[in-house]
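Asker: Could you have a look at this structure, given as structure tokens, before my questions?
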Amino acid sequence: MAGRRSLISAEELVSRVCQGDQGAVSRALTRVTDESDGYEEIARSFFPFHGNSPTIGLCGSPGSGKSSLVNTLVSLLRKRGESVAILAVDPTSAYTGGAFLGDRIRVQQHALDEGVFFRSLATRGMVGGLNETIFSAIHVLEAYETEKKKKGFDWILIETVGTGQDEVDIADVVDTVVCVTAPYQGDEFQAMKAGTMEIADVFAVNKADLEEVDKAVASIKDALSLGLSHDEEAWSIPVHAVSARTGQGIDVLLESIEAHGKYLLDSGEIAVRRKRQLRKELSSLVSRLIRRNALERVTDCHIKALVEKKSDPLTLSRKILKGVS
């Protein structure tokens, strides 16, 4: 069976994804995220589907309950009959290079649901809480034909690995950013630091059953008020107290996410964000290709020159980038 899978051509794989084959989606994601044989042809074929699905990013510090919140959101969306794909970025295993947590402990109650697709992605050393092939993965999901015979899942949720206030790359990847915090351990203060405050479109203070939740919500609202725009048409960032455990406030949170999507369309901001996504995708790929190409040129002679102090890292780096031996 494994041999048969390896024989599937890129063209056939793309065709199967576009016809609603979830098994093909899994294989295509593996090809583009591992950058294995045929991944370039696959990536090129799926790129035209960019923008087919609304993309929602959930970020926040470790322990804020992002995974539980994703699970609860999926349950609500499925009750409405809407299809959902989840890309969860996890820490990289130092031994296997794969996602450390994987999909075994997430969305298990939806494991047999044809309307839900889940995939863990390893960070592989990338900072910012994401995976460097995240865009290619999104395009695969945007090409999938759902039961409604439409291209792209109704929703694509991207859960970043918890990295704190420096976790801002998600803003250049998705349409709507949901910052998840918890009313303890100073999470509300982490949320008020510059990076997160600048990228959040919606705040979700999880674990609303805790006593400190009202204080946390008030603190975030106060911080947001300091940066209020005088533009009456600007988006006003909502702050919701929610509980992934009980479901409290999840429906209101989803309403705000949908309202933000409508705002993006009505204001024309969606075009700005999509251009920003494309710029990020292009710059990320260019960086990877340059780095990979340059590293392939490093030889033992370069290392010997450093050991013997006949050159220095900066001089050699510039020569390697210029293609000078």
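We name chains A, B, ... following the order of the structure tokens; residues begin at 1 in each chain, and ligands are numbered from 1 as shown.
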If you run DSSP on the backbone, which residues of range 18-96 of chain A are helix (DSSP H, G or I), as a ChimeraX atom specification?
Answerer: /A:18,22-34,39-49,66-79
Asker: What's around range 138-152 of chain A at 8 Å? Count only C-alpha atoms, leave out sequence neighbours fewer than 2 positions away in its own chain, and write the answer as a PyMOL selection string.
Answerer: chain A and resi 17-21+25+28-29+43+46-47+49-53+83+85+115+134-136+154+156
Asker: Could you write those residues out with C-alpha atoms, as a PDB file, in the first residue's frame?
Answerer:
ATOM      1  CA  VAL A  17      -7.999  17.138  -3.631  1.00  0.00           C
ATOM      2  CA  CYS A  18     -10.147  19.268  -5.912  1.00  0.00           C
ATOM      3  CA  GLN A  19     -12.678  16.418  -6.056  1.00  0.00           C
ATOM      4  CA  GLY A  20     -13.050  16.247  -2.261  1.00  0.00           C
ATOM      5  CA  ASP A  21     -10.739  13.341  -1.374  1.00  0.00           C
ATOM      6  CA  VAL A  25      -5.517  16.312   1.171  1.00  0.00           C
ATOM      7  CA  ALA A  28      -0.714  16.740  -0.496  1.00  0.00           C
ATOM      8  CA  LEU A  29      -0.089  18.437   2.842  1.00  0.00           C
ATOM      9  CA  ALA A  43       2.308  24.078  -4.669  1.00  0.00           C
ATOM     10  CA  PHE A  46      -2.909  24.993  -5.506  1.00  0.00           C
ATOM     11  CA  PHE A  47      -1.778  28.632  -5.369  1.00  0.00           C
ATOM     12  CA  PHE A  49      -7.090  28.944  -4.864  1.00  0.00           C
ATOM     13  CA  HIS A  50      -5.644  31.567  -2.497  1.00  0.00           C
ATOM     14  CA  GLY A  51      -8.444  33.449  -0.778  1.00  0.00           C
ATOM     15  CA  ASN A  52     -11.157  30.791  -1.212  1.00  0.00           C
ATOM     16  CA  SER A  53     -11.639  30.317   2.533  1.00  0.00           C
ATOM     17  CA  SER A  83     -16.835  22.493   7.262  1.00  0.00           C
ATOM     18  CA  ALA A  85      -9.952  22.650   8.642  1.00  0.00           C
ATOM     19  CA  GLY A 115     -16.611  17.822   7.866  1.00  0.00           C
ATOM     20  CA  ILE A 134       2.156  27.346   6.253  1.00  0.00           C
ATOM     21  CA  PHE A 135       1.048  29.143   3.090  1.00  0.00           C
ATOM     22  CA  SER A 136       1.400  26.062   0.907  1.00  0.00           C
ATOM     23  CA  ASP A 154     -15.945  27.048   5.094  1.00  0.00           C
ATOM     24  CA  ILE A 156      -9.622  27.413   8.121  1.00  0.00           C
TER      25      ILE A 156
END
Asker: Using only C-alpha atoms, which residue out of A:Glu212, A:Glu159, A:Asp201, A:Glu12 lies closest to Ser61 in chain A?
Answerer: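 Checking each of A:Glu212, A:Glu159, A:Asp201, A:Glu12 against Ser61 in chain A, counting only C-alpha atoms, the winner is A:Glu159.
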Asker: What does the structure give for the distance between CA of Lys275 in chain A and CA of Trp155 in chain A, in Å to one decimal?
Answerer: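 Between CA of Lys275 in chain A and CA of Trp155 in chain A the gap is 19.7 Å.
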